[in-house]
file start25.cif (mmCIF, N, CA and C atoms)
data_final
#
loop_
_atom_site.label_atom_id
_atom_site.label_comp_id
_atom_site.auth_asym_id
_atom_site.auth_seq_id
_atom_site.Cartn_x
_atom_site.Cartn_y
_atom_site.Cartn_z
N MET A 1043 23.27 25.13 18.13
CA MET A 1043 22.60 24.01 17.52
C MET A 1043 21.34 24.53 16.82
N SER A 1044 21.15 24.15 15.55
CA SER A 1044 19.98 24.61 14.82
C SER A 1044 18.79 23.70 15.09
N ALA A 1045 17.60 24.26 14.95
CA ALA A 1045 16.37 23.49 15.19
C ALA A 1045 16.14 22.52 14.03
N PRO A 1046 15.63 21.31 14.31
CA PRO A 1046 15.35 20.37 13.22
C PRO A 1046 14.17 20.85 12.39
N LEU A 1047 14.14 20.40 11.15
CA LEU A 1047 13.01 20.72 10.30
C LEU A 1047 11.77 19.99 10.80
N ALA A 1048 10.61 20.55 10.58
CA ALA A 1048 9.36 19.94 11.03
C ALA A 1048 9.12 18.60 10.34
N SER A 1049 9.52 18.49 9.09
CA SER A 1049 9.26 17.28 8.34
C SER A 1049 10.36 17.05 7.30
N PRO A 1050 11.60 16.81 7.75
CA PRO A 1050 12.69 16.67 6.79
C PRO A 1050 12.46 15.47 5.87
N GLY A 1051 12.42 15.74 4.58
CA GLY A 1051 12.25 14.68 3.62
C GLY A 1051 10.83 14.16 3.51
N GLY A 1052 9.93 14.64 4.34
CA GLY A 1052 8.55 14.18 4.30
C GLY A 1052 7.62 15.26 3.80
N LEU A 1053 6.37 15.06 4.02
CA LEU A 1053 5.36 16.03 3.62
C LEU A 1053 4.66 16.56 4.86
N LEU A 1054 4.49 17.86 4.93
CA LEU A 1054 3.71 18.44 6.01
C LEU A 1054 2.25 18.04 5.82
N ALA A 1055 1.49 18.00 6.89
CA ALA A 1055 0.10 17.53 6.83
C ALA A 1055 -0.70 18.24 5.74
N ALA A 1056 -0.51 19.53 5.58
CA ALA A 1056 -1.27 20.29 4.59
C ALA A 1056 -0.91 19.89 3.16
N GLU A 1057 0.23 19.23 2.97
CA GLU A 1057 0.69 18.82 1.64
C GLU A 1057 0.25 17.40 1.26
N ARG A 1058 -0.34 16.68 2.19
CA ARG A 1058 -0.70 15.28 1.97
C ARG A 1058 -2.10 15.18 1.37
N HIS A 1059 -2.23 14.31 0.37
CA HIS A 1059 -3.52 14.09 -0.27
C HIS A 1059 -3.66 12.62 -0.61
N GLU A 1060 -4.80 12.04 -0.26
CA GLU A 1060 -5.06 10.65 -0.60
C GLU A 1060 -5.36 10.54 -2.10
N PHE A 1061 -4.86 9.49 -2.72
CA PHE A 1061 -5.18 9.23 -4.12
C PHE A 1061 -5.49 7.76 -4.32
N ALA A 1062 -6.36 7.46 -5.27
CA ALA A 1062 -6.73 6.09 -5.60
C ALA A 1062 -5.68 5.50 -6.53
N THR A 1063 -5.45 4.20 -6.42
CA THR A 1063 -4.49 3.53 -7.28
C THR A 1063 -5.19 2.46 -8.12
N ALA A 1064 -4.56 2.05 -9.21
CA ALA A 1064 -5.08 0.97 -10.04
C ALA A 1064 -5.04 -0.36 -9.29
N GLU A 1065 -4.28 -0.39 -8.22
CA GLU A 1065 -4.15 -1.59 -7.38
C GLU A 1065 -5.41 -1.84 -6.55
N ARG A 1066 -6.34 -0.88 -6.54
CA ARG A 1066 -7.62 -0.94 -5.80
C ARG A 1066 -7.46 -0.58 -4.32
N CYS A 1067 -6.55 0.34 -4.04
CA CYS A 1067 -6.45 0.88 -2.69
C CYS A 1067 -6.22 2.38 -2.80
N HIS A 1068 -6.26 3.04 -1.66
CA HIS A 1068 -6.03 4.49 -1.60
C HIS A 1068 -4.76 4.73 -0.79
N ILE A 1069 -3.93 5.66 -1.25
CA ILE A 1069 -2.63 5.92 -0.64
C ILE A 1069 -2.50 7.39 -0.28
N THR A 1070 -1.94 7.64 0.90
CA THR A 1070 -1.50 8.98 1.30
C THR A 1070 -0.02 8.87 1.61
N GLU A 1071 0.81 9.52 0.80
CA GLU A 1071 2.24 9.51 1.04
C GLU A 1071 2.55 10.37 2.26
N LEU A 1072 3.22 9.79 3.25
CA LEU A 1072 3.62 10.53 4.44
C LEU A 1072 5.07 10.98 4.33
N SER A 1073 5.91 10.14 3.72
CA SER A 1073 7.32 10.47 3.52
C SER A 1073 7.85 9.61 2.39
N ASN A 1074 8.27 10.26 1.32
CA ASN A 1074 8.88 9.56 0.18
C ASN A 1074 9.68 10.59 -0.59
N SER A 1075 10.97 10.65 -0.31
CA SER A 1075 11.78 11.73 -0.84
C SER A 1075 13.20 11.27 -1.15
N GLU A 1076 13.78 11.89 -2.16
CA GLU A 1076 15.20 11.65 -2.45
C GLU A 1076 16.08 12.06 -1.27
N ALA A 1077 15.58 12.95 -0.43
CA ALA A 1077 16.34 13.38 0.74
C ALA A 1077 16.45 12.28 1.80
N ASP A 1078 15.58 11.27 1.72
CA ASP A 1078 15.58 10.15 2.66
C ASP A 1078 15.38 8.86 1.85
N PRO A 1079 16.40 8.45 1.08
CA PRO A 1079 16.22 7.34 0.14
C PRO A 1079 16.07 5.97 0.78
N GLY A 1080 16.39 5.86 2.05
CA GLY A 1080 16.36 4.55 2.70
C GLY A 1080 14.99 4.07 3.11
N LEU A 1081 13.98 4.96 3.16
CA LEU A 1081 12.68 4.58 3.68
C LEU A 1081 11.59 5.49 3.13
N SER A 1082 10.44 4.89 2.80
CA SER A 1082 9.24 5.68 2.54
C SER A 1082 8.13 5.15 3.44
N VAL A 1083 7.20 6.05 3.78
CA VAL A 1083 6.07 5.70 4.64
C VAL A 1083 4.81 6.22 3.98
N ALA A 1084 3.83 5.34 3.84
CA ALA A 1084 2.54 5.73 3.28
C ALA A 1084 1.43 5.19 4.17
N LEU A 1085 0.29 5.86 4.11
CA LEU A 1085 -0.92 5.37 4.77
C LEU A 1085 -1.77 4.76 3.68
N ALA A 1086 -2.11 3.48 3.81
CA ALA A 1086 -2.91 2.78 2.81
C ALA A 1086 -4.30 2.50 3.38
N ARG A 1087 -5.30 2.56 2.49
CA ARG A 1087 -6.68 2.29 2.89
C ARG A 1087 -7.33 1.42 1.83
N VAL A 1088 -7.93 0.29 2.28
CA VAL A 1088 -8.63 -0.62 1.39
C VAL A 1088 -10.08 -0.67 1.86
N ALA A 1089 -11.01 -0.42 0.94
CA ALA A 1089 -12.44 -0.38 1.27
C ALA A 1089 -12.97 -1.78 1.58
N PRO A 1090 -14.07 -1.87 2.31
CA PRO A 1090 -14.66 -3.17 2.64
C PRO A 1090 -14.96 -3.99 1.38
N GLY A 1091 -14.64 -5.27 1.45
CA GLY A 1091 -14.91 -6.18 0.35
C GLY A 1091 -13.91 -6.15 -0.79
N VAL A 1092 -12.94 -5.25 -0.74
CA VAL A 1092 -11.98 -5.09 -1.83
C VAL A 1092 -10.73 -5.93 -1.57
N VAL A 1093 -10.19 -6.51 -2.64
CA VAL A 1093 -8.89 -7.18 -2.58
C VAL A 1093 -7.97 -6.46 -3.56
N THR A 1094 -6.77 -6.15 -3.13
CA THR A 1094 -5.83 -5.47 -4.01
C THR A 1094 -5.34 -6.44 -5.08
N ARG A 1095 -4.80 -5.89 -6.13
CA ARG A 1095 -4.27 -6.71 -7.22
C ARG A 1095 -2.98 -7.40 -6.78
N TRP A 1096 -2.73 -8.59 -7.33
CA TRP A 1096 -1.43 -9.23 -7.11
C TRP A 1096 -0.36 -8.31 -7.68
N HIS A 1097 0.66 -8.04 -6.89
CA HIS A 1097 1.76 -7.18 -7.33
C HIS A 1097 3.01 -7.54 -6.54
N ARG A 1098 4.13 -6.97 -6.97
CA ARG A 1098 5.39 -7.13 -6.23
C ARG A 1098 6.24 -5.90 -6.45
N LEU A 1099 7.18 -5.71 -5.54
CA LEU A 1099 8.14 -4.61 -5.63
C LEU A 1099 9.53 -5.20 -5.82
N HIS A 1100 10.20 -4.75 -6.86
CA HIS A 1100 11.56 -5.23 -7.14
C HIS A 1100 12.56 -4.42 -6.33
N ALA A 1101 13.50 -5.12 -5.70
CA ALA A 1101 14.59 -4.50 -4.93
C ALA A 1101 14.08 -3.62 -3.79
N THR A 1102 12.87 -3.89 -3.30
CA THR A 1102 12.28 -3.09 -2.22
C THR A 1102 11.54 -4.01 -1.26
N ASP A 1103 11.95 -4.03 0.00
CA ASP A 1103 11.20 -4.74 1.04
C ASP A 1103 10.06 -3.84 1.50
N GLU A 1104 8.94 -4.46 1.87
CA GLU A 1104 7.80 -3.69 2.35
C GLU A 1104 7.28 -4.30 3.64
N ARG A 1105 6.78 -3.43 4.50
CA ARG A 1105 6.15 -3.87 5.75
C ARG A 1105 4.81 -3.19 5.85
N TYR A 1106 3.79 -3.96 6.24
CA TYR A 1106 2.48 -3.40 6.56
C TYR A 1106 2.36 -3.37 8.07
N VAL A 1107 1.99 -2.24 8.63
CA VAL A 1107 1.71 -2.12 10.06
C VAL A 1107 0.23 -1.78 10.16
N LEU A 1108 -0.58 -2.76 10.55
CA LEU A 1108 -2.03 -2.62 10.56
C LEU A 1108 -2.49 -1.68 11.66
N ILE A 1109 -3.37 -0.75 11.29
CA ILE A 1109 -3.88 0.26 12.21
C ILE A 1109 -5.34 0.01 12.57
N ALA A 1110 -6.16 -0.29 11.56
CA ALA A 1110 -7.60 -0.45 11.78
C ALA A 1110 -8.18 -1.42 10.78
N GLY A 1111 -9.24 -2.10 11.17
CA GLY A 1111 -9.94 -3.01 10.28
C GLY A 1111 -9.42 -4.43 10.39
N GLN A 1112 -10.01 -5.27 9.55
CA GLN A 1112 -9.65 -6.68 9.51
C GLN A 1112 -9.37 -7.07 8.07
N GLY A 1113 -8.39 -7.94 7.88
CA GLY A 1113 -8.05 -8.34 6.52
C GLY A 1113 -7.44 -9.72 6.46
N ALA A 1114 -7.12 -10.13 5.23
CA ALA A 1114 -6.40 -11.37 4.98
C ALA A 1114 -5.30 -11.02 3.98
N VAL A 1115 -4.06 -11.26 4.37
CA VAL A 1115 -2.93 -10.93 3.51
C VAL A 1115 -2.37 -12.21 2.91
N GLU A 1116 -1.94 -12.11 1.66
CA GLU A 1116 -1.29 -13.21 0.97
C GLU A 1116 0.08 -12.73 0.51
N VAL A 1117 1.10 -13.49 0.88
CA VAL A 1117 2.48 -13.15 0.53
C VAL A 1117 3.12 -14.40 -0.06
N GLY A 1118 3.64 -14.27 -1.28
CA GLY A 1118 4.27 -15.40 -1.94
C GLY A 1118 3.27 -16.53 -2.13
N THR A 1119 3.68 -17.74 -1.77
CA THR A 1119 2.81 -18.91 -1.92
C THR A 1119 2.17 -19.31 -0.59
N LEU A 1120 2.33 -18.47 0.44
CA LEU A 1120 1.74 -18.78 1.74
C LEU A 1120 0.23 -18.65 1.69
N ALA A 1121 -0.45 -19.43 2.52
CA ALA A 1121 -1.91 -19.35 2.62
C ALA A 1121 -2.30 -17.98 3.17
N PRO A 1122 -3.51 -17.50 2.85
CA PRO A 1122 -3.97 -16.23 3.40
C PRO A 1122 -3.89 -16.24 4.93
N GLN A 1123 -3.45 -15.11 5.50
CA GLN A 1123 -3.29 -14.97 6.95
C GLN A 1123 -4.17 -13.82 7.43
N ALA A 1124 -5.01 -14.08 8.42
CA ALA A 1124 -5.84 -13.02 8.99
C ALA A 1124 -4.95 -12.00 9.69
N VAL A 1125 -5.26 -10.70 9.48
CA VAL A 1125 -4.50 -9.63 10.10
C VAL A 1125 -5.45 -8.56 10.62
N GLY A 1126 -4.98 -7.85 11.65
CA GLY A 1126 -5.77 -6.78 12.24
C GLY A 1126 -4.85 -5.80 12.96
N PRO A 1127 -5.43 -4.83 13.65
CA PRO A 1127 -4.65 -3.78 14.31
C PRO A 1127 -3.50 -4.34 15.16
N GLY A 1128 -2.31 -3.76 14.97
CA GLY A 1128 -1.12 -4.16 15.71
C GLY A 1128 -0.28 -5.20 15.00
N ASP A 1129 -0.84 -5.87 14.00
CA ASP A 1129 -0.06 -6.87 13.27
C ASP A 1129 0.93 -6.20 12.32
N VAL A 1130 2.06 -6.86 12.09
CA VAL A 1130 3.08 -6.39 11.16
C VAL A 1130 3.34 -7.51 10.16
N VAL A 1131 3.31 -7.16 8.88
CA VAL A 1131 3.53 -8.11 7.80
C VAL A 1131 4.82 -7.72 7.08
N LEU A 1132 5.75 -8.66 6.92
CA LEU A 1132 6.98 -8.42 6.18
C LEU A 1132 6.85 -9.04 4.80
N ILE A 1133 7.11 -8.24 3.77
CA ILE A 1133 7.02 -8.70 2.39
C ILE A 1133 8.40 -8.49 1.76
N PRO A 1134 9.15 -9.57 1.56
CA PRO A 1134 10.48 -9.43 0.97
C PRO A 1134 10.43 -8.90 -0.47
N ALA A 1135 11.48 -8.24 -0.88
CA ALA A 1135 11.58 -7.73 -2.24
C ALA A 1135 11.34 -8.85 -3.25
N GLY A 1136 10.57 -8.54 -4.29
CA GLY A 1136 10.30 -9.49 -5.36
C GLY A 1136 9.23 -10.51 -5.07
N CYS A 1137 8.62 -10.46 -3.89
CA CYS A 1137 7.63 -11.44 -3.48
C CYS A 1137 6.22 -10.93 -3.81
N ARG A 1138 5.40 -11.75 -4.45
CA ARG A 1138 4.05 -11.31 -4.80
C ARG A 1138 3.22 -11.13 -3.52
N GLN A 1139 2.25 -10.23 -3.62
CA GLN A 1139 1.46 -9.88 -2.44
C GLN A 1139 0.11 -9.31 -2.83
N ARG A 1140 -0.84 -9.45 -1.93
CA ARG A 1140 -2.13 -8.76 -2.02
C ARG A 1140 -2.79 -8.84 -0.66
N ILE A 1141 -3.75 -7.95 -0.43
CA ILE A 1141 -4.47 -7.93 0.84
C ILE A 1141 -5.95 -7.71 0.57
N ARG A 1142 -6.77 -8.41 1.33
CA ARG A 1142 -8.23 -8.35 1.20
C ARG A 1142 -8.81 -7.74 2.48
N ASN A 1143 -9.74 -6.82 2.32
CA ASN A 1143 -10.46 -6.29 3.46
C ASN A 1143 -11.62 -7.23 3.75
N THR A 1144 -11.58 -7.89 4.89
CA THR A 1144 -12.62 -8.85 5.27
C THR A 1144 -13.60 -8.27 6.28
N GLY A 1145 -13.42 -7.00 6.65
CA GLY A 1145 -14.26 -6.38 7.67
C GLY A 1145 -15.35 -5.50 7.09
N ALA A 1146 -16.10 -4.89 7.99
CA ALA A 1146 -17.21 -4.00 7.61
C ALA A 1146 -16.74 -2.56 7.39
N GLY A 1147 -15.58 -2.20 7.95
CA GLY A 1147 -15.05 -0.85 7.79
C GLY A 1147 -13.76 -0.87 6.99
N ASP A 1148 -13.18 0.29 6.78
CA ASP A 1148 -11.92 0.39 6.03
C ASP A 1148 -10.81 -0.39 6.72
N LEU A 1149 -9.95 -1.00 5.92
CA LEU A 1149 -8.71 -1.61 6.38
C LEU A 1149 -7.62 -0.57 6.19
N VAL A 1150 -6.95 -0.17 7.27
CA VAL A 1150 -5.99 0.93 7.21
C VAL A 1150 -4.66 0.44 7.78
N PHE A 1151 -3.58 0.75 7.05
CA PHE A 1151 -2.25 0.33 7.52
C PHE A 1151 -1.18 1.26 6.97
N HIS A 1152 -0.07 1.31 7.69
CA HIS A 1152 1.11 2.00 7.18
C HIS A 1152 1.86 1.01 6.28
N ALA A 1153 2.34 1.51 5.15
CA ALA A 1153 3.18 0.73 4.26
C ALA A 1153 4.57 1.37 4.29
N LEU A 1154 5.54 0.63 4.80
CA LEU A 1154 6.92 1.13 4.91
C LEU A 1154 7.78 0.38 3.91
N CYS A 1155 8.45 1.10 3.05
CA CYS A 1155 9.31 0.50 2.02
C CYS A 1155 10.76 0.86 2.26
N THR A 1156 11.64 -0.16 2.13
CA THR A 1156 13.08 0.05 2.22
C THR A 1156 13.75 -0.64 1.05
N PRO A 1157 14.50 0.09 0.23
CA PRO A 1157 14.58 1.55 0.22
C PRO A 1157 13.23 2.15 -0.17
N ARG A 1158 13.16 3.46 -0.26
CA ARG A 1158 11.90 4.15 -0.50
C ARG A 1158 11.21 3.63 -1.75
N PHE A 1159 9.86 3.73 -1.75
CA PHE A 1159 9.07 3.30 -2.90
C PHE A 1159 9.38 4.18 -4.10
N ARG A 1160 9.57 3.52 -5.23
CA ARG A 1160 9.74 4.20 -6.51
C ARG A 1160 8.83 3.49 -7.51
N PRO A 1161 8.09 4.22 -8.32
CA PRO A 1161 7.13 3.59 -9.25
C PRO A 1161 7.75 2.52 -10.14
N GLU A 1162 9.00 2.69 -10.53
CA GLU A 1162 9.62 1.71 -11.42
C GLU A 1162 9.88 0.37 -10.74
N ALA A 1163 9.80 0.31 -9.41
CA ALA A 1163 9.97 -0.95 -8.69
C ALA A 1163 8.69 -1.78 -8.68
N TYR A 1164 7.56 -1.15 -8.99
CA TYR A 1164 6.25 -1.80 -8.90
C TYR A 1164 5.95 -2.63 -10.14
N GLU A 1165 5.48 -3.86 -9.92
CA GLU A 1165 5.03 -4.72 -11.02
C GLU A 1165 3.63 -5.24 -10.71
N ASP A 1166 2.68 -4.93 -11.58
CA ASP A 1166 1.32 -5.47 -11.50
C ASP A 1166 1.39 -6.87 -12.08
N MET A 1167 1.04 -7.86 -11.28
CA MET A 1167 1.14 -9.24 -11.72
C MET A 1167 -0.16 -9.75 -12.35
N GLU A 1168 -1.16 -8.87 -12.45
CA GLU A 1168 -2.43 -9.24 -13.08
C GLU A 1168 -2.58 -8.58 -14.43
N ALA A 1169 -1.58 -7.84 -14.86
CA ALA A 1169 -1.67 -7.12 -16.13
C ALA A 1169 -1.81 -8.10 -17.29
N ALA A 1170 -2.62 -7.72 -18.26
CA ALA A 1170 -2.86 -8.61 -19.41
C ALA A 1170 -1.70 -8.58 -20.37
#

call {"tool": "encode", "arguments": {"input": "start25.cif", "output": "C-alpha cells"}}
result
Amino acid sequence: MSAPLASPGGLLAAERHEFATAERCHITELSNSEADPGLSVALARVAPGVVTRWHRLHATDERYVLIAGQGAVEVGTLAPQAVGPGDVVLIPAGCRQRIRNTGAGDLVFHALCTPRFRPEAYEDMEAA
C-alpha cells in the first residue's frame, strides 16, 4: 500500500498566500484543484466594519463555517442573520449573498464550494 499524498489536490502550507478581492474580503485558498473538482475550501477574512459586495455563484453551492468574530449574513431575500463561531451558513447556487463584520476583530470563516469554486461562476451583483 502506498502512502497518501500530504495534500492531494490542495496546497501545502508553504504554497498558501492570502490575497485581497474586489468583493472586500481576503481569501487564502486551501484546496481548489482540477484533481478534486467536487469541492474547494478557502479561508476568508473580513475586516471590522466591512461588508462584502452582493454577489452570487452560478451552479455552485457555498457554505460558510464561522471560525472567529461576529457578523451578519444576508442570503437571498432573508433578513440579516447574526452569525459567530461554530455557525454554518448554506448558500444555494444562484442565490445572492453578502456578509458584514459587526465585531471589533476580523471575521474569519471557511468557505466551502461544491463543486469547486471557479472564477467564471462568480457574479458581482453591484457592478455598474

call {"tool": "residues_around", "arguments": {"input": "start25.cif", "residues": "Ala1084 (chain A)", "least_positions_apart": "3", "cutoff": "6 Å", "atoms": "only N, CA and C atoms", "output": "list of chain:residue names"}}
result
A:Thr1070, A:Glu1071, A:Leu1072, A:Ser1073, A:Phe1151, A:His1152, A:Ala1153, A:Leu1154

call {"tool": "resolve_selection", "arguments": {"input": "start25.cif", "expression": "the PyMOL selection byres ((chain A and resi 1091-1094) around 7)", "output": "ChimeraX atom specification"}}
result
/A:1065-1067,1088-1090,1095-1097,1139-1146

call {"tool": "atom_distance", "arguments": {"input": "start25.cif", "atom1": "atom C of Arg1138 (chain A)", "atom2": "CA of Ile1109 (chain A)"}}
result
20.7 Å

call {"tool": "resolve_selection", "arguments": {"input": "start25.cif", "expression": "the PyMOL selection byres ((chain A and resi 1163) around 8)", "output": "PyMOL selection string"}}
result
chain A and resi 1098-1102+1159-1162+1164-1166

call {"tool": "residues_around", "arguments": {"input": "start25.cif", "residues": "Pro1079 (chain A)", "least_positions_apart": "4", "cutoff": "8 Å", "atoms": "only N, CA and C atoms", "output": "list in words"}}
result
Gly1051, Asn1074, Ser1075, Cys1155, Thr1156, Pro1157, Arg1158 and Phe1159 of chain A

call {"tool": "select_by_dssp", "arguments": {"input": "start25.cif", "residues": "region 1123-1152 of chain A", "states": "strand (DSSP E)", "output": "list in words"}}
result
Gln1123, Ala1124, Val1125, Val1130, Val1131, Leu1132, Ile1133, Gln1139, Arg1140, Ile1141, Arg1142, Asn1143, Leu1149, Val1150, Phe1151 and His1152 of chain A

call {"tool": "resolve_selection", "arguments": {"input": "start25.cif", "expression": "the PyMOL selection byres (((chain A and resi 1105 and name CA) around 6) and name CA)", "output": "PyMOL selection string"}}
result
chain A and resi 1104+1106+1131-1133+1153-1154

call {"tool": "select_by_dssp", "arguments": {"input": "start25.cif", "residues": "chain A", "states": "helix (DSSP H, G or I)", "output": "PyMOL selection string"}}
result
chain A and resi 1055-1057+1161-1163

call {"tool": "axis_aligned_box", "arguments": {"input": "start25.cif", "around": "region 1063-1082 of chain A", "padding_each_side": "4 Å", "output": "AutoDock Vina command-line options"}}
result
--center_x 4.4 --center_y 5.8 --center_z -2.8 --size_x 32.1 --size_y 23.2 --size_z 22.5

call {"tool": "atom_distance", "arguments": {"input": "start25.cif", "atom1": "atom N of Ala1124 (chain A)", "atom2": "atom C of Gln1112 (chain A)"}}
result
8.3 Å

call {"tool": "decode", "arguments": {"input": "start25.cif", "residues": "region 1088-1117 of chain A", "atoms": "C-alpha atoms", "output": "PDB file, in the first residue's frame"}}
result
ATOM      1  CA  VAL A1088     -13.440  40.234   6.518  1.00  0.00           C
ATOM      2  CA  ALA A1089     -12.034  43.251   8.380  1.00  0.00           C
ATOM      3  CA  PRO A1090     -14.042  45.032  11.104  1.00  0.00           C
ATOM      4  CA  GLY A1091     -16.777  47.288   9.759  1.00  0.00           C
ATOM      5  CA  VAL A1092     -16.574  45.856   6.228  1.00  0.00           C
ATOM      6  CA  VAL A1093     -19.498  44.382   4.289  1.00  0.00           C
ATOM      7  CA  THR A1094     -18.765  42.269   1.226  1.00  0.00           C
ATOM      8  CA  ARG A1095     -20.343  43.117  -2.103  1.00  0.00           C
ATOM      9  CA  TRP A1096     -23.610  41.486  -3.129  1.00  0.00           C
ATOM     10  CA  HIS A1097     -22.639  38.520  -5.293  1.00  0.00           C
ATOM     11  CA  ARG A1098     -23.730  35.025  -6.284  1.00  0.00           C
ATOM     12  CA  LEU A1099     -22.196  31.838  -7.597  1.00  0.00           C
ATOM     13  CA  HIS A1100     -23.789  30.117 -10.573  1.00  0.00           C
ATOM     14  CA  ALA A1101     -24.086  26.308 -10.424  1.00  0.00           C
ATOM     15  CA  THR A1102     -22.105  26.283  -7.140  1.00  0.00           C
ATOM     16  CA  ASP A1103     -23.429  25.806  -3.599  1.00  0.00           C
ATOM     17  CA  GLU A1104     -21.418  27.507  -0.871  1.00  0.00           C
ATOM     18  CA  ARG A1105     -21.177  27.008   2.871  1.00  0.00           C
ATOM     19  CA  TYR A1106     -19.620  29.349   5.411  1.00  0.00           C
ATOM     20  CA  VAL A1107     -18.263  27.714   8.563  1.00  0.00           C
ATOM     21  CA  LEU A1108     -17.599  30.537  11.019  1.00  0.00           C
ATOM     22  CA  ILE A1109     -14.336  30.322  12.957  1.00  0.00           C
ATOM     23  CA  ALA A1110     -13.861  33.705  14.656  1.00  0.00           C
ATOM     24  CA  GLY A1111     -15.542  37.070  15.006  1.00  0.00           C
ATOM     25  CA  GLN A1112     -19.105  38.259  14.742  1.00  0.00           C
ATOM     26  CA  GLY A1113     -21.094  39.065  11.642  1.00  0.00           C
ATOM     27  CA  ALA A1114     -24.439  39.414   9.922  1.00  0.00           C
ATOM     28  CA  VAL A1115     -25.048  37.339   6.805  1.00  0.00           C
ATOM     29  CA  GLU A1116     -27.658  38.051   4.149  1.00  0.00           C
ATOM     30  CA  VAL A1117     -28.742  35.279   1.793  1.00  0.00           C
TER      31      VAL A1117
END
